[in-house]
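Quick notes on the structure that follows.
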Number of protein chains: 2
Amino acid sequence: MIIIGELLNGMYKDVGKAIVEKDKSVIQKIAKSQIEAGADALDLNCGPVSKDQVSDMKWLIETVQEVTDKIIVIDSSKPKVIQGAIRSAKNKVIINSTTADKEKLEILLPLAKEYGCSLIALSMDKKGIPQNKDQRLELAASIIGFCMEKDFPINELYLDPVVMPVDVAQLQLKEIIESIREFKLLCDPAPKTVVGLSNISQGILDRSLVNRTFLVMAQEAGLDAAIADPLDKKLMDCMITAELILNKQIYCKAYLDAYRKSKK
Amino acid sequence: MIIIGELLNGMYKDVGKAIVEKDKSVIQKIAKSQIEAGADALDLNCGPVSKDQVSDMKWLIETVQEVTDKIIVIDSSKPKVIQGAIRSAKNKVIINSTTADKEKLEILLPLAKEYGCSLIALSMDKKGIPQNKDQRLELAASIIGFCMEKDFPINELYLDPVVMPVDVAQLQLKEIIESIREFKLLCDPAPKTVVGLSNISQGILDRSLVNRTFLVMAQEAGLDAAIADPLDKKLMDCMITAELILNKQIYCKAYLDAYRKSKK
């Protein structure tokens, strides 16, 4: 399971301020703390404070790359921000994200292919977020079709079923888990799957409990990656234990420590 | 999800002593504490200290029924203990358990039917514990066949895939979860499913973490009941949150409290 640290996002006050003031130390400290806690990749999002997203994203990438060679996840809904910033990346990159809309896929698929990037694709389009599993599968299948057309390697594709908050769309959560299971069956080799985990608990109490309970279910369904808070130790403990139960790491008494050491 | 409290088992020192000394207060206190914590049913097992299991099981049943009308789970591998004690039960009873062996099913199915009991059936037989999902399904199908032959209502049948400790049979855990999912598809109406949860973590550290992580996965697969420790609050929190995610209880801010209050 790839944990993509979510904390370098300009919507958080300290990060937003650091982006505006170009304060590398704040960004690098958060980057390192997430890696120390077990993150395999770092999501970078300029957030609402950024006035020049292309230049800010470049700065974020360069700043983070000074302290780590972990995967960089360029998080923007605007293809031109991704296009503009991608040349700054030396590390492996995951582009986050495209939708199923043709005009986005036509820009981002060739770009991802050219730079050897992975690509997160949301199973949604201009019409909005799908309301059930079948709609998600239809959009995912259409994305895979585009990938094949553009000769984009399917094992570099991360399908995202689009997670909804439990207090908004409770009925959809099981549909989302089943979507993950069925995304993996859409073709061979299978696409990868990812969720923006914290979305599930937006605005509610017991956020971590809801996040980690959902994560465990999603892991059993075949989830490959989660954009999440690696500093949430209880979440990470559950994630590691789920890997143990799913036979993705060998049991030993100190399996939690063993996993964490293996990441360093 | 039905939580069957596991603590009234003679293998625990205090319970064993109380059974030998016929100390009702100890038994009743443990019964009440489990119900207070959210147990829907109470497993009763005389354990190794009992010299007359039929009489001790009767006493246990009568003692517990003095303080609760929750479901009584008569836990014995010996059909004659169950046969002898069942008349003492006024509460709803689940018999725990039969195997897939014909000689046990031929005694316990008619008995369960006569007394209107549910029946836990382990997907194992004299040959031992199955090593994969297919063997479990074969045994489960054979149990269902017997039920149909004896006209035993399938929705009173609890199939148990036989949980193994993670340090002994790590590879089997995913098979067990998939068995639960497929047991539910074996016939319509579907049989119920149950696990003896704590077996998964026997002899290991972080028992509760492993138990609750497995439980969440099993719930997503369709698990109906678990024999578990209801006093493990973290386990119960996860179980309740899994029910929330699976849309089995309506979301509210205090959904954990709401669930617990609904049990009282």
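Residue numbering restarts at 1 in every chain; chains get A, B, ... in the order shown in the structure tokens, and ligands count up from 1 in that same order.
If you count only C-alpha atoms and ignore residues fewer than 4 places along the chain from A:Gln172, what sits within 7 Å of it is Gln131, Asn132 and Ile176 of chain A.
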Could you tell me which residues of chain B sit within 9 Å of chain A when counting only C-alpha atoms, and give me the result as an mmCIF file with N, CA, C and O atoms, in the first residue's frame?
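The result, written out as part06.cif:
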data_model
loop_
_atom_site.group_PDB
_atom_site.id
_atom_site.type_symbol
_atom_site.label_atom_id
_atom_site.label_comp_id
_atom_site.auth_asym_id
_atom_site.auth_seq_id
_atom_site.Cartn_x
_atom_site.Cartn_y
_atom_site.Cartn_z
ATOM 1 N N VAL B 166 -3.068 -15.652 13.191
ATOM 2 C CA VAL B 166 -2.275 -15.001 12.149
ATOM 3 C C VAL B 166 -0.827 -15.501 12.151
ATOM 4 O O VAL B 166 -0.190 -15.565 11.095
ATOM 5 N N ASP B 167 -0.323 -15.913 13.312
ATOM 6 C CA ASP B 167 1.072 -16.369 13.342
ATOM 7 C C ASP B 167 1.204 -17.831 12.942
ATOM 8 O O ASP B 167 2.311 -18.343 12.800
ATOM 9 N N GLN B 170 -1.155 -17.419 8.355
ATOM 10 C CA GLN B 170 -1.362 -16.064 7.825
ATOM 11 C C GLN B 170 -2.009 -16.068 6.442
ATOM 12 O O GLN B 170 -2.884 -15.260 6.134
ATOM 13 N N LEU B 171 -1.551 -17.015 5.621
ATOM 14 C CA LEU B 171 -2.054 -17.123 4.246
ATOM 15 C C LEU B 171 -3.561 -17.370 4.191
ATOM 16 O O LEU B 171 -4.209 -17.074 3.191
ATOM 17 N N GLN B 172 -4.096 -17.961 5.282
ATOM 18 C CA GLN B 172 -5.507 -18.349 5.247
ATOM 19 C C GLN B 172 -6.470 -17.201 5.544
ATOM 20 O O GLN B 172 -7.671 -17.316 5.296
ATOM 21 N N LEU B 173 -5.964 -16.115 6.091
ATOM 22 C CA LEU B 173 -6.900 -15.099 6.588
ATOM 23 C C LEU B 173 -7.724 -14.486 5.460
ATOM 24 O O LEU B 173 -8.929 -14.288 5.596
ATOM 25 N N LYS B 174 -7.066 -14.200 4.348
ATOM 26 C CA LYS B 174 -7.826 -13.648 3.217
ATOM 27 C C LYS B 174 -8.804 -14.697 2.671
ATOM 28 O O LYS B 174 -9.925 -14.361 2.292
ATOM 29 N N ILE B 177 -11.867 -14.563 4.824
ATOM 30 C CA ILE B 177 -12.741 -13.424 4.511
ATOM 31 C C ILE B 177 -13.528 -13.696 3.223
ATOM 32 O O ILE B 177 -14.733 -13.472 3.151
ATOM 33 N N ILE B 204 -0.348 -13.660 20.194
ATOM 34 C CA ILE B 204 0.414 -12.558 19.607
ATOM 35 C C ILE B 204 0.226 -11.257 20.393
ATOM 36 O O ILE B 204 -0.695 -11.124 21.195
ATOM 37 N N LEU B 205 1.120 -10.315 20.162
ATOM 38 C CA LEU B 205 0.980 -8.963 20.704
ATOM 39 C C LEU B 205 -0.105 -8.239 19.896
ATOM 40 O O LEU B 205 -0.555 -8.746 18.884
ATOM 41 N N ASP B 206 -0.479 -7.050 20.316
ATOM 42 C CA ASP B 206 -1.451 -6.240 19.573
ATOM 43 C C ASP B 206 -2.708 -7.024 19.223
ATOM 44 O O ASP B 206 -3.236 -6.915 18.118
ATOM 45 N N LEU B 209 -5.806 -4.924 18.128
ATOM 46 C CA LEU B 209 -5.625 -4.288 16.811
ATOM 47 C C LEU B 209 -5.853 -5.296 15.676
ATOM 48 O O LEU B 209 -6.531 -4.997 14.684
ATOM 49 N N VAL B 210 -5.284 -6.473 15.834
ATOM 50 C CA VAL B 210 -5.457 -7.504 14.803
ATOM 51 C C VAL B 210 -6.924 -7.948 14.756
ATOM 52 O O VAL B 210 -7.523 -8.064 13.681
ATOM 53 N N ARG B 212 -9.660 -6.283 15.607
ATOM 54 C CA ARG B 212 -10.620 -5.310 15.068
ATOM 55 C C ARG B 212 -10.385 -5.034 13.588
ATOM 56 O O ARG B 212 -11.327 -4.750 12.841
ATOM 57 N N THR B 213 -9.137 -5.149 13.151
ATOM 58 C CA THR B 213 -8.867 -4.958 11.723
ATOM 59 C C THR B 213 -9.497 -6.094 10.916
ATOM 60 O O THR B 213 -10.142 -5.869 9.885
ATOM 61 N N PHE B 214 -9.335 -7.312 11.423
ATOM 62 C CA PHE B 214 -9.955 -8.458 10.749
ATOM 63 C C PHE B 214 -11.479 -8.340 10.773
ATOM 64 O O PHE B 214 -12.162 -8.605 9.773
ATOM 65 N N VAL B 216 -13.422 -5.751 10.811
ATOM 66 C CA VAL B 216 -13.921 -4.766 9.842
ATOM 67 C C VAL B 216 -13.955 -5.372 8.432
ATOM 68 O O VAL B 216 -14.936 -5.230 7.697
ATOM 69 N N MET B 217 -12.880 -6.063 8.067
ATOM 70 C CA MET B 217 -12.857 -6.710 6.746
ATOM 71 C C MET B 217 -13.973 -7.752 6.640
ATOM 72 O O MET B 217 -14.640 -7.863 5.608
ATOM 73 N N ALA B 218 -14.155 -8.519 7.705
ATOM 74 C CA ALA B 218 -15.174 -9.575 7.678
ATOM 75 C C ALA B 218 -16.573 -8.969 7.611
ATOM 76 O O ALA B 218 -17.449 -9.498 6.921
ATOM 77 N N GLN B 219 -16.770 -7.846 8.284
ATOM 78 C CA GLN B 219 -18.080 -7.174 8.205
ATOM 79 C C GLN B 219 -18.380 -6.746 6.775
ATOM 80 O O GLN B 219 -19.483 -6.912 6.279
ATOM 81 N N GLU B 220 -17.362 -6.200 6.120
ATOM 82 C CA GLU B 220 -17.579 -5.775 4.734
ATOM 83 C C GLU B 220 -17.918 -6.980 3.848
ATOM 84 O O GLU B 220 -18.663 -6.870 2.884
ATOM 85 N N ALA B 221 -17.358 -8.140 4.220
ATOM 86 C CA ALA B 221 -17.628 -9.358 3.439
ATOM 87 C C ALA B 221 -18.999 -9.948 3.758
ATOM 88 O O ALA B 221 -19.429 -10.890 3.085
ATOM 89 N N ASP B 237 -15.915 0.042 18.965
ATOM 90 C CA ASP B 237 -15.942 1.290 18.177
ATOM 91 C C ASP B 237 -15.756 1.003 16.686
ATOM 92 O O ASP B 237 -16.445 1.575 15.837
ATOM 93 N N CYS B 238 -14.810 0.133 16.377
ATOM 94 C CA CYS B 238 -14.580 -0.229 14.969
ATOM 95 C C CYS B 238 -15.786 -0.948 14.384
ATOM 96 O O CYS B 238 -16.177 -0.691 13.243
ATOM 97 N N MET B 239 -16.332 -1.861 15.164
ATOM 98 C CA MET B 239 -17.496 -2.620 14.689
ATOM 99 C C MET B 239 -18.649 -1.669 14.365
ATOM 100 O O MET B 239 -19.292 -1.773 13.322
ATOM 101 N N THR B 241 -18.451 1.557 13.712
ATOM 102 C CA THR B 241 -18.086 2.415 12.574
ATOM 103 C C THR B 241 -18.212 1.650 11.258
ATOM 104 O O THR B 241 -18.639 2.207 10.240
ATOM 105 N N ALA B 242 -17.857 0.379 11.280
ATOM 106 C CA ALA B 242 -18.033 -0.444 10.074
ATOM 107 C C ALA B 242 -19.511 -0.538 9.708
ATOM 108 O O ALA B 242 -19.881 -0.433 8.531
ATOM 109 N N LEU B 244 -21.672 1.705 10.304
ATOM 110 C CA LEU B 244 -22.002 3.021 9.752
ATOM 111 C C LEU B 244 -21.619 3.086 8.271
ATOM 112 O O LEU B 244 -22.405 3.482 7.410
ATOM 113 N N ILE B 245 -20.385 2.679 7.985
ATOM 114 C CA ILE B 245 -19.886 2.744 6.605
ATOM 115 C C ILE B 245 -20.713 1.826 5.692
ATOM 116 O O ILE B 245 -20.964 2.151 4.535
ATOM 117 N N LEU B 246 -21.138 0.707 6.241
ATOM 118 C CA LEU B 246 -21.919 -0.245 5.452
ATOM 119 C C LEU B 246 -23.411 0.112 5.446
ATOM 120 O O LEU B 246 -24.240 -0.679 4.994
ATOM 121 N N ASN B 247 -23.718 1.300 5.974
ATOM 122 C CA ASN B 247 -25.081 1.826 5.953
ATOM 123 C C ASN B 247 -26.070 0.974 6.746
ATOM 124 O O ASN B 247 -27.237 0.878 6.411
ATOM 125 N N ILE B 250 -27.860 4.684 10.749
ATOM 126 C CA ILE B 250 -27.910 6.036 10.193
ATOM 127 C C ILE B 250 -26.853 6.913 10.859
ATOM 128 O O ILE B 250 -26.637 6.824 12.066
ATOM 129 N N TYR B 251 -26.218 7.771 10.055
ATOM 130 C CA TYR B 251 -25.200 8.661 10.596
ATOM 131 C C TYR B 251 -25.804 9.755 11.466
ATOM 132 O O TYR B 251 -26.806 10.371 11.113
ATOM 133 N N CYS B 252 -25.179 9.979 12.602
ATOM 134 C CA CYS B 252 -25.389 11.214 13.354
ATOM 135 C C CYS B 252 -24.051 11.505 14.011
ATOM 136 O O CYS B 252 -23.178 10.643 14.062
ATOM 137 N N LYS B 253 -23.866 12.729 14.514
ATOM 138 C CA LYS B 253 -22.554 13.080 15.063
ATOM 139 C C LYS B 253 -22.126 12.099 16.143
ATOM 140 O O LYS B 253 -20.990 11.642 16.171
ATOM 141 N N ALA B 254 -23.053 11.777 17.028
ATOM 142 C CA ALA B 254 -22.710 10.886 18.140
ATOM 143 C C ALA B 254 -23.124 9.454 17.812
ATOM 144 O O ALA B 254 -23.782 8.788 18.594
#
I'd like the contact shell of A:Glu156 - 9 Å cut-off, only C-alpha atoms, skipping same-chain residues fewer than 4 positions apart - returned as a tab-separated table (two decimals) with N, CA and C atoms, in the first residue's frame.
chain	number	residue	atom	x	y	z
A	94	ILE	N	3.51	11.20	-9.75
A	94	ILE	CA	2.13	10.81	-10.02
A	94	ILE	C	1.35	12.10	-10.26
A	116	GLY	N	6.99	9.75	-18.21
A	116	GLY	CA	7.07	8.49	-17.44
A	116	GLY	C	6.36	8.59	-16.09
A	117	CYS	N	5.26	9.32	-16.05
A	117	CYS	CA	4.52	9.51	-14.80
A	117	CYS	C	3.38	8.51	-14.67
A	118	SER	N	2.96	8.30	-13.43
A	118	SER	CA	1.67	7.66	-13.20
A	118	SER	C	0.60	8.75	-13.24
A	119	LEU	N	-0.65	8.30	-13.40
A	119	LEU	CA	-1.75	9.27	-13.52
A	119	LEU	C	-2.95	8.81	-12.69
A	120	ILE	N	-3.39	9.70	-11.80
A	120	ILE	CA	-4.63	9.44	-11.05
A	120	ILE	C	-5.80	9.94	-11.89
A	152	PHE	N	-1.13	4.24	-23.22
A	152	PHE	CA	-0.63	4.56	-21.88
A	152	PHE	C	-0.65	3.29	-21.03
A	191	PRO	N	-5.53	-2.03	-13.47
A	191	PRO	CA	-5.18	-0.66	-13.07
A	191	PRO	C	-4.95	-0.63	-11.57
A	192	LYS	N	-4.24	0.38	-11.11
A	192	LYS	CA	-4.11	0.58	-9.68
A	192	LYS	C	-5.31	1.40	-9.20
Notebook entry, point to check: Excluding same-chain residues fewer than 3 positions from A:Asn9, what lies within 12 Å of it counting only C-alpha atoms, as a ChimeraX atom specification?
Noted result: /A:5-6,12-19,27,30-31,42-50,56-57,60,73-76,227-229
Suppose we keep N, CA and C atoms; can you now write the selection as a compact mmCIF listing (two decimals), in the first residue's frame?
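Generated output (selection00.txt):
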# COMPACT_ATOMS: atom_id res chain seq x y z
N GLY A 5 1.28 11.17 1.46
CA GLY A 5 1.07 12.17 2.52
C GLY A 5 0.30 13.37 2.00
N GLU A 6 -0.73 13.77 2.74
CA GLU A 6 -1.65 14.80 2.23
C GLU A 6 -1.40 16.19 2.81
N TYR A 12 -4.08 24.25 4.15
CA TYR A 12 -3.69 24.33 5.57
C TYR A 12 -2.96 25.65 5.77
N LYS A 13 -3.28 26.33 6.86
CA LYS A 13 -2.77 27.68 7.11
C LYS A 13 -1.25 27.80 7.01
N ASP A 14 -0.55 26.90 7.75
CA ASP A 14 0.91 27.01 7.80
C ASP A 14 1.53 26.76 6.43
N VAL A 15 0.96 25.85 5.69
CA VAL A 15 1.49 25.53 4.35
C VAL A 15 1.19 26.68 3.39
N GLY A 16 -0.02 27.18 3.45
CA GLY A 16 -0.40 28.31 2.60
C GLY A 16 0.53 29.50 2.82
N LYS A 17 0.76 29.79 4.10
CA LYS A 17 1.64 30.91 4.46
C LYS A 17 3.06 30.66 3.92
N ALA A 18 3.54 29.45 4.08
CA ALA A 18 4.90 29.11 3.62
C ALA A 18 5.01 29.24 2.10
N ILE A 19 3.93 28.88 1.39
CA ILE A 19 3.94 28.99 -0.07
C ILE A 19 4.01 30.47 -0.46
N ILE A 27 7.99 23.86 4.66
CA ILE A 27 7.60 22.81 3.70
C ILE A 27 8.47 21.56 3.90
N ILE A 30 7.59 19.55 7.05
CA ILE A 30 6.37 18.74 6.89
C ILE A 30 6.63 17.56 5.96
N ALA A 31 7.43 17.80 4.92
CA ALA A 31 7.79 16.69 4.02
C ALA A 31 8.50 15.59 4.80
N LEU A 42 4.49 12.09 -1.61
CA LEU A 42 4.01 13.34 -1.02
C LEU A 42 3.13 14.09 -2.01
N ASP A 43 1.90 14.32 -1.61
CA ASP A 43 1.00 15.12 -2.43
C ASP A 43 1.35 16.60 -2.25
N LEU A 44 1.42 17.32 -3.36
CA LEU A 44 1.72 18.75 -3.32
C LEU A 44 0.55 19.50 -3.96
N ASN A 45 -0.06 20.39 -3.18
CA ASN A 45 -1.21 21.15 -3.66
C ASN A 45 -1.05 22.60 -3.21
N CYS A 46 -1.05 23.53 -4.17
CA CYS A 46 -0.82 24.94 -3.84
C CYS A 46 -1.95 25.55 -3.02
N GLY A 47 -3.13 25.03 -3.19
CA GLY A 47 -4.27 25.54 -2.41
C GLY A 47 -4.75 26.89 -2.91
N PRO A 48 -5.74 27.43 -2.18
CA PRO A 48 -6.42 28.64 -2.66
C PRO A 48 -5.58 29.92 -2.54
N VAL A 49 -4.51 29.88 -1.75
CA VAL A 49 -3.73 31.12 -1.54
C VAL A 49 -2.82 31.46 -2.71
N SER A 50 -2.56 30.47 -3.54
CA SER A 50 -1.56 30.66 -4.59
C SER A 50 -2.08 31.58 -5.70
N ASP A 56 4.28 28.45 -8.23
CA ASP A 56 4.26 27.93 -6.86
C ASP A 56 4.43 26.40 -6.83
N MET A 57 3.82 25.73 -7.79
CA MET A 57 3.96 24.27 -7.84
C MET A 57 5.41 23.89 -8.14
N LEU A 60 7.31 24.34 -5.00
CA LEU A 60 6.99 23.25 -4.05
C LEU A 60 7.77 21.98 -4.41
N VAL A 73 3.61 13.82 -5.87
CA VAL A 73 2.27 13.77 -6.45
C VAL A 73 1.83 15.21 -6.73
N ILE A 74 1.77 15.56 -8.02
CA ILE A 74 1.41 16.92 -8.41
C ILE A 74 -0.12 17.02 -8.42
N ASP A 75 -0.64 17.76 -7.45
CA ASP A 75 -2.08 17.78 -7.21
C ASP A 75 -2.68 19.09 -7.69
N SER A 76 -3.31 19.03 -8.84
CA SER A 76 -4.01 20.21 -9.37
C SER A 76 -5.09 19.74 -10.33
N ILE A 227 -4.35 8.70 -0.39
CA ILE A 227 -3.90 10.03 0.00
C ILE A 227 -4.46 10.25 1.40
N ALA A 228 -3.54 10.36 2.37
CA ALA A 228 -3.99 10.31 3.76
C ALA A 228 -2.97 11.02 4.64
N ASP A 229 -3.29 11.07 5.93
CA ASP A 229 -2.40 11.72 6.89
C ASP A 229 -1.49 10.68 7.54
Next item on the list: Check stretch 5-250 of chain A with DSSP on the backbone and list each residue it calls strand (DSSP E), as a PyMOL selection string.
Entry: chain A and resi 5-9+41-45+71-75+93-98+118-122+157-160+192-196+225-228
Could you turn the residues from that selection into a file that holds N, CA and C atoms, as a short mmCIF file (atom, residue, chain, number, x, y, z; two decimals), in the first residue's frame?
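After the write, result_31.cif holds the following:
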data_model
loop_
_atom_site.label_atom_id
_atom_site.label_comp_id
_atom_site.auth_asym_id
_atom_site.auth_seq_id
_atom_site.Cartn_x
_atom_site.Cartn_y
_atom_site.Cartn_z
N GLY A 5 1.28 11.17 1.46
CA GLY A 5 1.07 12.17 2.52
C GLY A 5 0.30 13.37 2.00
N GLU A 6 -0.73 13.77 2.74
CA GLU A 6 -1.65 14.80 2.23
C GLU A 6 -1.40 16.19 2.81
N LEU A 7 -0.37 16.31 3.67
CA LEU A 7 -0.27 17.53 4.49
C LEU A 7 0.32 18.73 3.79
N LEU A 8 0.98 18.53 2.63
CA LEU A 8 1.55 19.69 1.92
C LEU A 8 0.50 20.28 0.98
N ASN A 9 -0.49 20.88 1.60
CA ASN A 9 -1.62 21.43 0.86
C ASN A 9 -1.85 22.87 1.33
N ALA A 41 4.98 8.65 -0.64
CA ALA A 41 4.87 9.70 -1.65
C ALA A 41 4.29 10.93 -0.98
N LEU A 42 4.49 12.09 -1.61
CA LEU A 42 4.01 13.34 -1.02
C LEU A 42 3.13 14.09 -2.01
N ASP A 43 1.90 14.32 -1.61
CA ASP A 43 1.00 15.12 -2.43
C ASP A 43 1.35 16.60 -2.25
N LEU A 44 1.42 17.32 -3.36
CA LEU A 44 1.72 18.75 -3.32
C LEU A 44 0.55 19.50 -3.96
N ASN A 45 -0.06 20.39 -3.18
CA ASN A 45 -1.21 21.15 -3.66
C ASN A 45 -1.05 22.60 -3.21
N ILE A 71 8.34 9.66 -4.15
CA ILE A 71 7.44 10.04 -5.25
C ILE A 71 6.76 11.39 -4.96
N ILE A 72 6.69 12.24 -5.98
CA ILE A 72 6.01 13.53 -5.90
C ILE A 72 4.64 13.39 -6.57
N VAL A 73 3.61 13.82 -5.87
CA VAL A 73 2.27 13.77 -6.45
C VAL A 73 1.83 15.21 -6.73
N ILE A 74 1.77 15.56 -8.02
CA ILE A 74 1.41 16.92 -8.41
C ILE A 74 -0.12 17.02 -8.42
N ASP A 75 -0.64 17.76 -7.45
CA ASP A 75 -2.08 17.78 -7.21
C ASP A 75 -2.68 19.09 -7.69
N VAL A 93 6.95 10.82 -10.56
CA VAL A 93 5.78 11.68 -10.38
C VAL A 93 4.47 10.90 -10.59
N ILE A 94 3.51 11.20 -9.75
CA ILE A 94 2.13 10.81 -10.02
C ILE A 94 1.35 12.10 -10.26
N ILE A 95 0.66 12.17 -11.38
CA ILE A 95 -0.18 13.34 -11.68
C ILE A 95 -1.55 13.13 -11.04
N ASN A 96 -1.99 14.14 -10.28
CA ASN A 96 -3.24 14.06 -9.54
C ASN A 96 -4.04 15.34 -9.82
N SER A 97 -4.92 15.33 -10.82
CA SER A 97 -5.56 14.19 -11.44
C SER A 97 -6.25 14.62 -12.72
N THR A 98 -6.67 13.62 -13.46
CA THR A 98 -7.59 13.86 -14.57
C THR A 98 -8.98 13.36 -14.17
N SER A 118 2.96 8.30 -13.43
CA SER A 118 1.67 7.66 -13.20
C SER A 118 0.60 8.75 -13.24
N LEU A 119 -0.65 8.30 -13.40
CA LEU A 119 -1.75 9.27 -13.52
C LEU A 119 -2.95 8.81 -12.69
N ILE A 120 -3.39 9.70 -11.80
CA ILE A 120 -4.63 9.44 -11.05
C ILE A 120 -5.80 9.94 -11.89
N ALA A 121 -6.79 9.07 -12.09
CA ALA A 121 -7.97 9.45 -12.87
C ALA A 121 -9.22 9.24 -12.01
N LEU A 122 -9.95 10.31 -11.82
CA LEU A 122 -11.19 10.25 -11.04
C LEU A 122 -12.32 9.69 -11.90
N LEU A 157 -1.77 3.66 -14.23
CA LEU A 157 -3.05 4.37 -14.02
C LEU A 157 -3.59 4.06 -12.62
N TYR A 158 -3.92 5.11 -11.89
CA TYR A 158 -4.57 4.95 -10.57
C TYR A 158 -6.01 5.43 -10.70
N LEU A 159 -6.95 4.49 -10.66
CA LEU A 159 -8.36 4.88 -10.70
C LEU A 159 -8.83 5.28 -9.31
N ASP A 160 -9.52 6.39 -9.25
CA ASP A 160 -10.02 6.92 -7.98
C ASP A 160 -11.55 6.92 -8.04
N LYS A 192 -4.24 0.38 -11.11
CA LYS A 192 -4.11 0.58 -9.68
C LYS A 192 -5.31 1.40 -9.20
N THR A 193 -5.48 1.46 -7.88
CA THR A 193 -6.60 2.20 -7.32
C THR A 193 -6.11 3.10 -6.20
N VAL A 194 -6.79 4.22 -6.02
CA VAL A 194 -6.40 5.19 -5.00
C VAL A 194 -7.65 5.88 -4.47
N VAL A 195 -7.60 6.31 -3.23
CA VAL A 195 -8.68 7.18 -2.70
C VAL A 195 -8.07 8.37 -1.97
N GLY A 196 -8.83 9.44 -1.98
CA GLY A 196 -8.52 10.60 -1.13
C GLY A 196 -9.25 10.36 0.18
N ALA A 225 -3.39 2.51 -3.11
CA ALA A 225 -2.80 3.73 -2.57
C ALA A 225 -3.87 4.58 -1.91
N ALA A 226 -3.44 5.38 -0.93
CA ALA A 226 -4.38 6.30 -0.29
C ALA A 226 -3.68 7.62 -0.04
N ILE A 227 -4.35 8.70 -0.39
CA ILE A 227 -3.90 10.03 0.00
C ILE A 227 -4.46 10.25 1.40
N ALA A 228 -3.54 10.36 2.37
CA ALA A 228 -3.99 10.31 3.76
C ALA A 228 -2.97 11.02 4.64
#
Notebook entry, point to check: Leaving out B:Lys102 and any residue of its chain fewer than 3 positions from it, which residues lie within 10 Å of it when counting only C-alpha atoms, given as an NGL selection string?
Noted result: :B and (98-99 or 105-108 or 125 or 142-143 or 146)
Checklist line | A:Leu137 environment, 9 Å, only C-alpha atoms, sequence neighbours closer than 6 positions dropped, as JSON, numbers by chain | finding: {"A": [123, 161, 179, 182, 183, 186]}
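We find atom CA of B:Glu149 and atom CA of B:Ile4 to be spaced 28.5 Å apart.
Shortest atom-to-atom contact with A:Ser33 among A:Lys133, A:Leu235, A:Ile82, A:Thr68: A:Thr68, counting only C-alpha atoms.
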Margin query: Please extract the residues of stretch 207-254 of chain B with a backbone DSSP assignment of helix (DSSP H, G or I) and present them as a PyMOL selection string.
Written below: chain B and resi 207-221+233-245
